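Here is the structure we will look at.
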2 protein chains.
Amino acid sequence: MQEVAISQHLGGPNARLVGKPCSLPELTTPALVLDLETFERNIRAYQHQVNLHGLQARPHAKSHKCAEIAQRQIAAGAVGVCAASLHEAEALVRHGINNILITSPVIGAGKLDRLLQLLDHGVSVAVVVDDQERAASMAAAAHQSGHVLDVLIDVDLGMGRTGVSNIESALQLVNVVCDAEGISYRGIQAYSGSVQHIEDFAARDRIYTGQLRFLSGLIAALDKRGLKPATVSGGGTGTLALDCREGILTEHQAGSYIFMDVEYGAVTLRANDDDARFATSLFLHSTVISKNVPGTATIDAGLKSFATDGPLPRVSNGAPAGTTYAFFGDEHGRLTFPTPTHSLPLGSIVAFVTPHCDPTVNLHDYLHIVRNDTIVDIWQIVGRGVL
Amino acid sequence: MQEVAISQHLGGPNARLVGKPCSLPELTTPALVLDLETFERNIRAYQHQVNLHGLQARPHAKSHKCAEIAQRQIAAGAVGVCAASLHEAEALVRHGINNILITSPVIGAGKLDRLLQLLDHGVSVAVVVDDQERAASMAAAAHQSGHVLDVLIDVDLGMGRTGVSNIESALQLVNVVCDAEGISYRGIQAYSGSVQHIEDFAARDRIYTGQLRFLSGLIAALDKRGLKPATVSGGGTGTLALDCREGILTEHQAGSYIFMDVEYGAVTLRANDDDARFATSLFLHSTVISKNVPGTATIDAGLKSFATDGPLPRVSNGAPAGTTYAFFGDEHGRLTFPTPTHSLPLGSIVAFVTPHCDPTVNLHDYLHIVRNDTIVDIWQIVGRGVL
């Protein structure tokens with residue numbers, strides 16, 4: 001089709017604001033805003049805690065899908081990052097990230113070829129497997145292409161999503177991996193997604209510690225056969241304190257700690273004062289676009305701006321205390337003020353804590369980086385979207 | 001940051017399949033698939049029905065965000081398309097669409113300038129207003145830039161989202177628009193979002209007909225003052241039969257009829273056999289990536305592939321009858337088979353009807369266009385995302 005030259009700057013319509021002092025109120029919305037100082041404090045606090053407990057950090061890029069953030073996590077001491085999908089890994093590699101663990105089995109037409117192409121480019125990429133046949137076919141393809149692919153055995157800690165769920169299956173799979181040319185046994189992955197958001201610390205501790213007991217048993221069984229995993233990768237923001245205390249993992253995969261959304265805001269993360277303290281760094285800024293119904297306002301952020309799978313977005317700034325948000329269609333949200341006499345002028349900016357950060361970030365193309373109300377940079381969310 | 005040359009074809013990893021006979025099973029997933037014949041039948045059926053009733057078609061591009069689709073809708077007889085946001089309009093204009101109504105008030109820093117830039121490029125763009133002050137400031141800016149901006153008065157039919165909700169406010173706003181230089185009164189918009197998905201035809205008829213009575217009263221009041229609207233734009237897929245019967249609108253804004261999702265599959269759309277019949281043309285293809293839990297399988301399509309605000313995705317192909325879907329995290333879905341003895345091999349393709357098509361399409365970059373199991377084209381979803 002014919003293309004008309006309407007400007008499309010990389011960085012979007014807010015690119016013109018970068019570096020302009022105190023330009024935050026001029027931001028075109030809906031737009032994600034990252035408070036740089038809080039974000040950097042979160043990265044430092046995380047790295048400090050995992051260092052202190054002898055863990056390696058491999059933060060999960062599924063939360064941010066942003067090469068600039070992965071680069072900062074690595075600069076702070078992370079050994080690399082995790083990616084949830086091949087697509088995400090490819091996007092990060094295209095933008096300079098070269099050490100990635102793909103945390104889901106890579107299965108599907110054309111995907112093995114694409115994975116091997118990453119190895120052609122010299123990227124240090126590892127994948128997880130949870131199936132013997134798949135491990136064998138992957139090994140054959142890698143061997144034929146002249147590569148050796150690093151593999152972690154995916155272990156199911158109780159979620160039933162991916163992974164092997166008993167010691168016998170795990171041992172058999174490790175044997176297949178060790179016997180095959182083309183793949184190399186680098187350890188195991190044991191991530192428990194289902195416990196991360198249990199709000200009460202003691203309840204989360206009880207369930208997760210039971211899951212880790214199974215993991216310890218598996219590691220002991222492997223050790224007994226001379227197959228002790230060099231890497232045990234897992235953990236999330238919700239289990240960081242427990243992972244540090246238990247000392248079973250060698251590598252930690254937290255993602256949301258950099259942003260801290262409404263969901264994690266409700267979770268008690270710290271067991272004691274020595275644990276890392278994370279604060280909300282990610283916000284969505286929106287604009288009031290209609291105000292004809294008393295006691296309410298309509299803003300330009302709806303279910304194409306916020307994830308809808310978790311709690312509701314929470315107003316953080318720009319509206320009277322007690323103002324609540326409701327989804328109001330694809331492109332709209334409704335603010336309800338504490339009393340019918342409250343109102344906001346058209347064009348007012350209202351900021352929100354994001355409900356569930358990962359799928360919210362996935363809806364956007366850019367993070368607007370802010371220090372003291374000045375937009376200092378715009379980072380592209382390079383891995384957003386699918387295909 | 002340094003960029004590594006990992007190939008990123010426009011069209012994604014499936015670009016290599018275009019034109020290859022019967023290549024649909026080779027599709028890399030998760031991927032949106034559009035059945036071209038059904039899609040074209042839907043477009044023809046819609047256009048035929050609105051023509052028959054003397055309406056003009058202005059389909060809503062918020063559902064597809066795809067210039068190729070807008071072009072086909074216009075080729076079939078539509079006068080132009082609707083866009084939900086300035087961002088969406090700009091993306092469509094960049095790809096050759098030049099007649100657009102933006103159906104929400106354009107409010108916020110920098111947006112008026114961008115809107116006027118569209119006029120600079122000779123695009124036929126119209127906007128809605130629901131506020132007198134805003135109409136006046138928009139008129140002043142347009143006048144100063146040497147343009148005349150076409151404006152529709154946004155009328156609230158009961159949803160309380162945007163628009164004026166009483167005759168007096170509407171008359172005042174029309175007066176402001178008519179008196180101002182820089183903007184031109186082109187008519188009114190009256191869209192009722194809240195009734196579109198009422199499943200029972202009679203219940204939808206009852207509520208919507210009441211709303212249309214208010215609209216008729218408003219039009220009569222305008223007519224009496226010599227301000228009869230040249231355009232009355234509104235309607236959706238759910239009210240098409242009613243809009244055709246009532247004859248109050250002049251221009252119809254349906255969006256979802258081209259795709260037909262799970263949500264609209266549950267709605268009785270036809271009042272009689274003469275009304276358009278729409279069938280599902282849009283599917284999401286996914287791949288089984290883990291199968292270690294009896295009676296279930298994990299697929300590569302989760303809440304970053306499907307909208308989560310509506311009903312669940314419905315299996316349409318590739319799994320035993322009675323198989324159900326559940327969200328299983330950002331990148332995963334769980335299939336539950338009718339019995340624990342059912343299973344699917346790794347790599348199996350499972351196709352779904354999309355739950356709520358608009359925000360589902362917004363998650364993806366490409367539509368894979370299929371005729372008889374051959375991928376004949378890939379269309380970019382140019383307006384997806386925000387900013």
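Labels used: A, B, ... for chains in the order of the structure tokens, numbers from 1 for residues in each chain, and numbers from 1 for ligands as shown.
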
Exercise. Could you give me, as a PyMOL selection string, the residues within 10 Å of Ser23 in chain B, counting only C-alpha atoms and dropping anything in the same chain fewer than 5 positions from it?
Key: chain B and resi 14+16-18+370+372-376

Keeping only N, CA and C atoms, take the residues you just selected and write them out as a short mmCIF file (atom, residue, chain, number, x, y, z; two decimals), in the first residue's frame.
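Final output, out-v8.cif:
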data_model
loop_
_atom_site.label_atom_id
_atom_site.label_comp_id
_atom_site.auth_asym_id
_atom_site.auth_seq_id
_atom_site.Cartn_x
_atom_site.Cartn_y
_atom_site.Cartn_z
N ASN B 14 7.10 -16.06 9.94
CA ASN B 14 6.27 -16.82 9.00
C ASN B 14 6.28 -16.27 7.58
N ARG B 16 8.41 -16.51 5.38
CA ARG B 16 8.94 -17.52 4.44
C ARG B 16 7.86 -18.48 3.95
N LEU B 17 6.73 -18.54 4.64
CA LEU B 17 5.69 -19.49 4.27
C LEU B 17 4.69 -18.95 3.25
N VAL B 18 4.72 -17.64 3.03
CA VAL B 18 3.70 -17.04 2.16
C VAL B 18 3.77 -17.63 0.75
N VAL B 370 -5.12 -16.65 5.21
CA VAL B 370 -5.14 -18.04 4.77
C VAL B 370 -6.32 -18.30 3.84
N ASN B 372 -7.69 -21.83 2.00
CA ASN B 372 -7.51 -23.29 1.84
C ASN B 372 -6.18 -23.81 2.39
N ASP B 373 -5.89 -23.48 3.62
CA ASP B 373 -4.67 -23.95 4.30
C ASP B 373 -3.36 -23.45 3.69
N THR B 374 -3.46 -22.47 2.79
CA THR B 374 -2.24 -21.86 2.27
C THR B 374 -2.18 -20.42 2.78
N ILE B 375 -1.02 -20.05 3.30
CA ILE B 375 -0.84 -18.67 3.78
C ILE B 375 -0.57 -17.81 2.56
N VAL B 376 -1.53 -16.97 2.22
CA VAL B 376 -1.41 -16.21 0.97
C VAL B 376 -0.84 -14.81 1.20
#

Neighbours of range 83-89 of chain B within 7 Å (only C-alpha atoms; same-chain residues fewer than 2 positions away dropped), as a tab-separated table (two decimals) with all heavy atoms, in the first residue's frame?
chain	number	residue	atom	x	y	z
B	60	HIS	N	-15.33	0.42	12.10
B	60	HIS	CA	-14.39	0.86	13.12
B	60	HIS	C	-13.08	0.08	13.05
B	60	HIS	O	-13.06	-1.13	13.22
B	60	HIS	CB	-15.00	0.74	14.52
B	60	HIS	CG	-14.52	1.84	15.41
B	60	HIS	ND1	-13.18	2.12	15.58
B	60	HIS	CD2	-15.19	2.77	16.15
B	60	HIS	CE1	-13.05	3.16	16.39
B	60	HIS	NE2	-14.25	3.59	16.74
B	61	ALA	N	-11.99	0.82	12.80
B	61	ALA	CA	-10.67	0.19	12.68
B	61	ALA	C	-10.07	-0.19	14.02
B	61	ALA	O	-9.02	-0.84	14.06
B	61	ALA	CB	-9.73	1.12	11.93
B	62	LYS	N	-10.73	0.20	15.14
B	62	LYS	CA	-10.21	-0.22	16.45
B	62	LYS	C	-10.19	-1.73	16.58
B	62	LYS	O	-9.42	-2.28	17.36
B	62	LYS	CB	-11.01	0.41	17.59
B	62	LYS	CG	-12.39	-0.19	17.81
B	62	LYS	CD	-13.28	0.71	18.63
B	62	LYS	CE	-13.02	0.61	20.11
B	62	LYS	NZ	-13.37	-0.69	20.71
B	65	LYS	N	-7.08	-2.47	13.38
B	65	LYS	CA	-5.86	-1.64	13.38
B	65	LYS	C	-4.97	-1.96	12.18
B	65	LYS	O	-3.73	-1.88	12.29
B	65	LYS	CB	-5.08	-1.82	14.68
B	65	LYS	CG	-5.80	-1.27	15.93
B	65	LYS	CD	-5.09	-1.66	17.20
B	65	LYS	CE	-5.69	-0.99	18.43
B	65	LYS	NZ	-5.15	0.35	18.67
B	81	VAL	N	-13.11	5.05	7.46
B	81	VAL	CA	-13.15	4.21	8.66
B	81	VAL	C	-13.17	5.09	9.90
B	81	VAL	O	-12.94	6.31	9.82
B	81	VAL	CB	-11.95	3.24	8.74
B	81	VAL	CG1	-11.99	2.21	7.62
B	81	VAL	CG2	-10.62	3.98	8.76
B	91	ALA	N	-1.38	5.93	12.37
B	91	ALA	CA	-0.82	4.69	11.80
B	91	ALA	C	-1.53	4.34	10.50
B	91	ALA	O	-0.89	3.92	9.53
B	91	ALA	CB	-0.95	3.56	12.83
B	92	LEU	N	-2.84	4.49	10.47
B	92	LEU	CA	-3.59	4.17	9.25
B	92	LEU	C	-3.24	5.14	8.12
B	92	LEU	O	-3.08	4.73	6.97
B	92	LEU	CB	-5.10	4.19	9.54
B	92	LEU	CG	-5.60	3.08	10.46
B	92	LEU	CD1	-7.03	3.34	10.90
B	92	LEU	CD2	-5.49	1.70	9.79
B	93	VAL	N	-3.12	6.42	8.46
B	93	VAL	CA	-2.77	7.42	7.44
B	93	VAL	C	-1.40	7.12	6.85
B	93	VAL	O	-1.20	7.20	5.64
B	93	VAL	CB	-2.81	8.84	8.05
B	93	VAL	CG1	-2.16	9.85	7.11
B	93	VAL	CG2	-4.25	9.24	8.36
B	100	ILE	N	-10.93	9.38	7.79
B	100	ILE	CA	-11.00	8.82	9.15
B	100	ILE	C	-11.80	9.72	10.08
B	100	ILE	O	-11.60	10.93	10.12
B	100	ILE	CB	-9.58	8.62	9.74
B	100	ILE	CG1	-8.76	7.66	8.85
B	100	ILE	CG2	-9.64	8.09	11.17
B	100	ILE	CD1	-7.32	7.48	9.26
B	101	LEU	N	-12.70	9.11	10.84
B	101	LEU	CA	-13.37	9.78	11.95
B	101	LEU	C	-12.76	9.25	13.25
B	101	LEU	O	-12.79	8.03	13.50
B	101	LEU	CB	-14.88	9.48	11.93
B	101	LEU	CG	-15.66	9.85	13.20
B	101	LEU	CD1	-15.66	11.37	13.45
B	101	LEU	CD2	-17.10	9.32	13.14
B	102	ILE	N	-12.23	10.15	14.07
B	102	ILE	CA	-11.70	9.74	15.38
B	102	ILE	C	-12.85	9.83	16.38
B	102	ILE	O	-13.42	10.90	16.60
B	102	ILE	CB	-10.51	10.62	15.81
B	102	ILE	CG1	-9.41	10.53	14.75
B	102	ILE	CG2	-9.98	10.18	17.17
B	102	ILE	CD1	-8.21	11.44	15.00
B	103	THR	N	-13.21	8.69	16.97
B	103	THR	CA	-14.49	8.57	17.68
B	103	THR	C	-14.43	8.93	19.17
B	103	THR	O	-15.43	8.80	19.86
B	103	THR	CB	-15.05	7.15	17.52
B	103	THR	OG1	-14.08	6.21	18.03
B	103	THR	CG2	-15.35	6.83	16.08
B	104	SER	N	-13.25	9.33	19.67
B	104	SER	CA	-13.15	9.82	21.05
B	104	SER	C	-12.61	11.23	21.01
B	104	SER	O	-11.85	11.58	20.10
B	104	SER	CB	-12.16	8.96	21.85
B	104	SER	OG	-12.76	7.77	22.25
B	106	VAL	N	-10.25	14.20	21.21
B	106	VAL	CA	-8.78	14.25	21.12
B	106	VAL	C	-8.29	15.31	22.11
B	106	VAL	O	-8.37	16.51	21.84
B	106	VAL	CB	-8.33	14.58	19.68
B	106	VAL	CG1	-6.81	14.72	19.62
B	106	VAL	CG2	-8.81	13.48	18.71
B	383	GLY	N	-1.58	-0.28	13.65
B	383	GLY	CA	-1.98	0.63	14.73
B	383	GLY	C	-1.93	0.00	16.11
B	383	GLY	O	-2.41	0.57	17.08
B	387	LEU	N	0.96	4.73	21.77
B	387	LEU	CA	2.11	5.60	21.50
B	387	LEU	C	3.06	4.97	20.50
B	387	LEU	O	4.23	4.75	20.75
B	387	LEU	CB	2.85	5.96	22.78
B	387	LEU	CG	2.09	6.90	23.71
B	387	LEU	CD1	3.02	7.35	24.82
B	387	LEU	CD2	1.58	8.10	22.94

Find the residues around Leu344 in chain B up to 12 Å (only C-alpha atoms counted), leave out those fewer than 4 positions away in its own chain, and share them as a short mmCIF file (atom, residue, chain, number, x, y, z; two decimals) with all heavy atoms, in the first residue's frame.
data_model
loop_
_atom_site.label_atom_id
_atom_site.label_comp_id
_atom_site.auth_asym_id
_atom_site.auth_seq_id
_atom_site.Cartn_x
_atom_site.Cartn_y
_atom_site.Cartn_z
N THR B 287 0.70 -23.81 19.93
CA THR B 287 1.42 -25.08 19.87
C THR B 287 1.50 -25.71 21.26
O THR B 287 1.72 -25.01 22.25
CB THR B 287 2.85 -24.85 19.33
OG1 THR B 287 2.76 -24.28 18.03
CG2 THR B 287 3.65 -26.14 19.27
N VAL B 288 1.34 -27.04 21.31
CA VAL B 288 1.53 -27.77 22.57
C VAL B 288 3.02 -27.81 22.88
O VAL B 288 3.82 -28.28 22.07
CB VAL B 288 0.96 -29.21 22.47
CG1 VAL B 288 1.30 -30.00 23.73
CG2 VAL B 288 -0.55 -29.16 22.26
N ILE B 289 3.40 -27.29 24.07
CA ILE B 289 4.83 -27.25 24.42
C ILE B 289 5.18 -28.12 25.62
O ILE B 289 6.35 -28.31 25.93
CB ILE B 289 5.31 -25.81 24.68
CG1 ILE B 289 4.62 -25.20 25.91
CG2 ILE B 289 5.10 -24.92 23.46
CD1 ILE B 289 5.46 -24.15 26.57
N SER B 290 4.18 -28.66 26.34
CA SER B 290 4.48 -29.56 27.46
C SER B 290 3.27 -30.46 27.66
O SER B 290 2.13 -30.04 27.42
CB SER B 290 4.79 -28.74 28.72
OG SER B 290 5.25 -29.59 29.76
N LYS B 291 3.51 -31.70 28.08
CA LYS B 291 2.41 -32.66 28.19
C LYS B 291 2.65 -33.66 29.29
O LYS B 291 2.31 -34.83 29.18
CB LYS B 291 2.21 -33.37 26.84
CG LYS B 291 3.47 -34.10 26.35
CD LYS B 291 3.17 -35.01 25.19
CE LYS B 291 4.41 -35.77 24.73
NZ LYS B 291 5.10 -36.58 25.76
N ASN B 292 3.27 -33.22 30.38
CA ASN B 292 3.63 -34.15 31.46
C ASN B 292 2.53 -34.39 32.48
O ASN B 292 2.69 -35.23 33.36
CB ASN B 292 4.90 -33.66 32.17
CG ASN B 292 6.13 -33.81 31.28
OD1 ASN B 292 6.14 -34.62 30.36
ND2 ASN B 292 7.16 -33.03 31.55
N VAL B 293 1.45 -33.63 32.40
CA VAL B 293 0.35 -33.82 33.36
C VAL B 293 -0.81 -34.51 32.64
O VAL B 293 -1.37 -33.94 31.69
CB VAL B 293 -0.10 -32.47 33.96
CG1 VAL B 293 -1.26 -32.68 34.92
CG2 VAL B 293 1.06 -31.78 34.67
N PRO B 294 -1.17 -35.74 33.04
CA PRO B 294 -2.22 -36.48 32.33
C PRO B 294 -3.52 -35.69 32.22
O PRO B 294 -3.93 -35.02 33.17
CB PRO B 294 -2.42 -37.72 33.21
CG PRO B 294 -1.13 -37.88 33.95
CD PRO B 294 -0.61 -36.49 34.17
N GLY B 295 -4.14 -35.78 31.05
CA GLY B 295 -5.42 -35.11 30.86
C GLY B 295 -5.33 -33.64 30.52
O GLY B 295 -6.34 -32.97 30.30
N THR B 296 -4.09 -33.12 30.47
CA THR B 296 -3.90 -31.70 30.15
C THR B 296 -2.73 -31.53 29.20
O THR B 296 -1.93 -32.45 29.00
CB THR B 296 -3.62 -30.84 31.40
OG1 THR B 296 -2.25 -31.02 31.80
CG2 THR B 296 -4.53 -31.20 32.56
N ALA B 297 -2.62 -30.36 28.64
CA ALA B 297 -1.44 -29.99 27.87
C ALA B 297 -1.22 -28.50 28.06
O ALA B 297 -2.17 -27.75 28.34
CB ALA B 297 -1.63 -30.29 26.39
N THR B 298 0.03 -28.09 27.96
CA THR B 298 0.35 -26.66 28.06
C THR B 298 0.69 -26.14 26.68
O THR B 298 1.47 -26.75 25.95
CB THR B 298 1.54 -26.45 29.03
OG1 THR B 298 1.15 -26.92 30.33
CG2 THR B 298 1.92 -24.98 29.12
N ILE B 299 0.07 -25.02 26.31
CA ILE B 299 0.30 -24.42 24.99
C ILE B 299 0.97 -23.06 25.15
O ILE B 299 1.01 -22.50 26.24
CB ILE B 299 -1.02 -24.28 24.19
CG1 ILE B 299 -2.00 -23.39 24.94
CG2 ILE B 299 -1.62 -25.66 23.90
CD1 ILE B 299 -3.21 -22.99 24.11
N GLY B 318 -8.05 -28.95 16.41
CA GLY B 318 -6.76 -29.50 16.82
C GLY B 318 -6.75 -30.20 18.17
O GLY B 318 -5.71 -30.71 18.59
N ALA B 319 -7.89 -30.20 18.86
CA ALA B 319 -7.95 -30.89 20.16
C ALA B 319 -9.29 -31.63 20.23
O ALA B 319 -10.24 -31.27 19.54
CB ALA B 319 -7.84 -29.88 21.30
N PRO B 320 -9.36 -32.67 21.07
CA PRO B 320 -10.61 -33.44 21.17
C PRO B 320 -11.80 -32.56 21.53
O PRO B 320 -11.64 -31.57 22.27
CB PRO B 320 -10.32 -34.43 22.31
CG PRO B 320 -8.84 -34.49 22.43
CD PRO B 320 -8.32 -33.17 21.98
N THR B 323 -12.55 -30.15 24.83
CA THR B 323 -11.34 -29.61 25.45
C THR B 323 -11.56 -28.16 25.84
O THR B 323 -12.11 -27.38 25.05
CB THR B 323 -10.15 -29.70 24.47
OG1 THR B 323 -9.94 -31.07 24.12
CG2 THR B 323 -8.88 -29.13 25.07
N LEU B 335 -4.72 -26.61 28.39
CA LEU B 335 -5.85 -27.34 27.83
C LEU B 335 -6.21 -28.46 28.79
O LEU B 335 -5.34 -29.17 29.28
CB LEU B 335 -5.47 -27.97 26.48
CG LEU B 335 -5.08 -27.01 25.36
CD1 LEU B 335 -4.77 -27.81 24.10
CD2 LEU B 335 -6.20 -26.01 25.11
N THR B 336 -7.50 -28.61 29.06
CA THR B 336 -7.96 -29.75 29.83
C THR B 336 -8.83 -30.60 28.91
O THR B 336 -9.83 -30.12 28.37
CB THR B 336 -8.75 -29.30 31.07
OG1 THR B 336 -7.89 -28.47 31.87
CG2 THR B 336 -9.19 -30.51 31.90
N PHE B 337 -8.41 -31.84 28.71
CA PHE B 337 -9.12 -32.74 27.80
C PHE B 337 -10.34 -33.33 28.49
O PHE B 337 -10.40 -33.37 29.72
CB PHE B 337 -8.17 -33.84 27.32
CG PHE B 337 -6.95 -33.31 26.62
CD1 PHE B 337 -5.66 -33.64 27.08
CD2 PHE B 337 -7.05 -32.47 25.52
CE1 PHE B 337 -4.54 -33.14 26.46
CE2 PHE B 337 -5.93 -31.96 24.89
CZ PHE B 337 -4.66 -32.30 25.36
N PRO B 340 -8.87 -38.00 31.19
CA PRO B 340 -7.42 -38.03 31.48
C PRO B 340 -6.63 -38.87 30.48
O PRO B 340 -5.40 -38.77 30.43
CB PRO B 340 -7.35 -38.65 32.88
CG PRO B 340 -8.71 -38.54 33.45
CD PRO B 340 -9.66 -38.56 32.29
N SER B 348 1.86 -30.18 18.49
CA SER B 348 0.53 -30.14 17.88
C SER B 348 0.03 -28.70 17.82
O SER B 348 0.22 -27.91 18.75
CB SER B 348 -0.48 -30.93 18.72
OG SER B 348 -0.07 -32.25 18.88
N ILE B 349 -0.66 -28.39 16.72
CA ILE B 349 -1.27 -27.06 16.59
C ILE B 349 -2.71 -27.11 17.09
O ILE B 349 -3.48 -27.99 16.70
CB ILE B 349 -1.28 -26.62 15.11
CG1 ILE B 349 0.14 -26.54 14.55
CG2 ILE B 349 -2.02 -25.29 14.94
CD1 ILE B 349 0.91 -25.34 14.96
N VAL B 350 -3.06 -26.17 17.95
CA VAL B 350 -4.45 -26.05 18.42
C VAL B 350 -4.93 -24.64 18.07
O VAL B 350 -4.25 -23.65 18.36
CB VAL B 350 -4.55 -26.29 19.94
CG1 VAL B 350 -6.00 -26.19 20.41
CG2 VAL B 350 -3.96 -27.64 20.31
#

Practice problem: Check every residue of chain A for an atom within 7 Å of chain B, counting only C-alpha atoms, and provide those that qualify as a ChimeraX atom specification. | Solution: /A:1-6,12-13,26-28,30-31,93-96,105,107-110,160-162,164,287,289-290,292-293,298,304,308-309,330,347,359,363-365,385-387

Quiz item: At what distance in Å, to one decimal, does CA of Thr231 in chain A lie from CA of Asn99 in chain A?
Solution: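 One can read the CA of Asn99 in chain A to CA of Thr231 in chain A distance as 14.6 Å.
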
Quiz prompt | Test item: residues at most 7 Å from His368 in chain B, only C-alpha atoms, excluding those fewer than 3 positions along its chain, as a VMD selection string | solution = chain B and resid 32 to 34 375 377 to 379

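For range 73-182 of chain A, backbone-based DSSP labels the following residues as strand (DSSP E or B): Val81, Cys82, Ala83, Asn99, Ile100, Leu101, Ile102, Ser124, Val125, Ala126, Val127, Val128, Val129, Leu149, Asp150, Val151, Leu152, Ile153, Asp154, Val155, Asp156 and Val164 of chain A.
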
Self-check item: Contacts of Cys357 in chain B at 10 Å (only C-alpha atoms; same-chain gap of 5+ positions) as a list of chain:residue names
Solution: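 Everything that qualifies: B:Lys62, B:Ser63, B:His64, B:Gly255, B:Ser256, B:Ile258, B:Phe259, B:Met260, B:Asp261, B:Val262, B:Glu263, B:Tyr264, B:Leu282, B:Phe283, B:Phe306, B:Ala307, B:Gly310, B:Asn362.
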
Quiz prompt | Counting only C-alpha atoms, the option among B:Pro21, B:Pro229, B:Gly302, B:Gly322 closest to Thr354 in chain B | solution =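 Under the stated criterion, the closest residue is B:Gly302.
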
Practice problem: Measure the distance from CA of Cys82 in chain B to CA of Val127 in chain B in Å and round it to one decimal. | Solution: 9.8 Å

Self-check item: Using only C-alpha atoms: which of B:Ala271, B:Leu24, B:Ala78, B:Val151 has the shortest distance to Val177 in chain B
Solution: B:Val151

Self-check item: Long-range neighbours of Phe201 in chain A as a list in words, 8 Å cut-off, only C-alpha atoms, 2 positions minimum in chain
Solution: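 Skipping anything fewer than 2 positions along the chain leaves Ile198, Glu199, Ala203, Arg204, Asp205, Val267, Thr268, Leu269, Arg270 and Ala271 of chain A.
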
Generate the output file for the selected residues, all heavy atoms, as a CSV table (one decimal), in the first residue's frame.
chain,number,residue,atom,x,y,z
A,198,ILE,N,1.3,-15.2,46.8
A,198,ILE,CA,0.6,-15.5,48.0
A,198,ILE,C,1.0,-14.3,49.0
A,198,ILE,O,2.2,-14.1,49.3
A,198,ILE,CB,1.0,-16.8,48.6
A,198,ILE,CG1,0.6,-18.0,47.7
A,198,ILE,CG2,0.4,-17.0,50.0
A,198,ILE,CD1,1.1,-19.3,48.1
A,199,GLU,N,0.0,-13.6,49.4
A,199,GLU,CA,0.3,-12.3,50.1
A,199,GLU,C,1.0,-12.5,51.5
A,199,GLU,O,1.9,-11.7,51.8
A,199,GLU,CB,-0.9,-11.4,50.2
A,199,GLU,CG,-1.4,-11.0,48.8
A,199,GLU,CD,-2.7,-10.1,48.8
A,199,GLU,OE1,-3.1,-9.7,49.9
A,199,GLU,OE2,-3.2,-9.9,47.7
A,203,ALA,N,2.4,-18.1,55.0
A,203,ALA,CA,1.7,-19.0,54.1
A,203,ALA,C,2.5,-19.4,52.9
A,203,ALA,O,2.6,-20.5,52.5
A,203,ALA,CB,0.3,-18.5,53.6
A,204,ARG,N,3.1,-18.3,52.3
A,204,ARG,CA,4.0,-18.6,51.1
A,204,ARG,C,5.2,-19.4,51.5
A,204,ARG,O,5.6,-20.3,50.8
A,204,ARG,CB,4.5,-17.2,50.6
A,204,ARG,CG,5.2,-17.3,49.3
A,204,ARG,CD,5.2,-15.9,48.6
A,204,ARG,NE,6.1,-14.9,49.2
A,204,ARG,CZ,5.7,-13.9,50.0
A,204,ARG,NH1,4.4,-13.7,50.3
A,204,ARG,NH2,6.6,-13.1,50.6
A,205,ASP,N,5.8,-19.1,52.7
A,205,ASP,CA,6.9,-19.8,53.2
A,205,ASP,C,6.6,-21.3,53.4
A,205,ASP,O,7.3,-22.2,52.9
A,205,ASP,CB,7.3,-19.2,54.6
A,205,ASP,CG,8.6,-19.8,55.2
A,205,ASP,OD1,9.2,-20.7,54.6
A,205,ASP,OD2,9.0,-19.2,56.2
A,267,VAL,N,2.0,-8.0,48.5
A,267,VAL,CA,2.7,-9.1,49.0
A,267,VAL,C,3.7,-8.7,50.0
A,267,VAL,O,4.5,-7.8,49.8
A,267,VAL,CB,3.3,-9.9,47.8
A,267,VAL,CG1,4.2,-11.1,48.4
A,267,VAL,CG2,2.3,-10.4,46.9
A,268,THR,N,3.8,-9.4,51.2
A,268,THR,CA,4.8,-9.1,52.2
A,268,THR,C,6.1,-9.9,51.7
A,268,THR,O,6.1,-11.1,51.8
A,268,THR,CB,4.4,-9.6,53.6
A,268,THR,OG1,3.2,-9.0,53.9
A,268,THR,CG2,5.5,-9.2,54.6
A,269,LEU,N,7.1,-9.1,51.2
A,269,LEU,CA,8.2,-9.7,50.6
A,269,LEU,C,9.4,-10.0,51.6
A,269,LEU,O,10.2,-10.8,51.3
A,269,LEU,CB,8.7,-8.9,49.4
A,269,LEU,CG,7.8,-8.7,48.2
A,269,LEU,CD1,8.4,-7.7,47.2
A,269,LEU,CD2,7.5,-10.0,47.6
A,270,ARG,N,9.4,-9.2,52.6
A,270,ARG,CA,10.7,-9.2,53.5
A,270,ARG,C,10.5,-10.0,54.7
A,270,ARG,O,9.5,-9.8,55.5
A,270,ARG,CB,11.0,-7.7,53.8
A,270,ARG,CG,11.1,-6.8,52.6
A,270,ARG,CD,11.4,-5.4,53.0
A,270,ARG,NE,12.7,-5.2,53.4
A,270,ARG,CZ,13.1,-4.4,54.4
A,270,ARG,NH1,12.2,-3.7,55.1
A,270,ARG,NH2,14.4,-4.2,54.6
A,271,ALA,N,11.4,-10.9,55.0
A,271,ALA,CA,11.3,-11.7,56.2
A,271,ALA,C,11.9,-10.9,57.4
A,271,ALA,O,11.5,-11.0,58.5
A,271,ALA,CB,12.1,-13.0,56.0
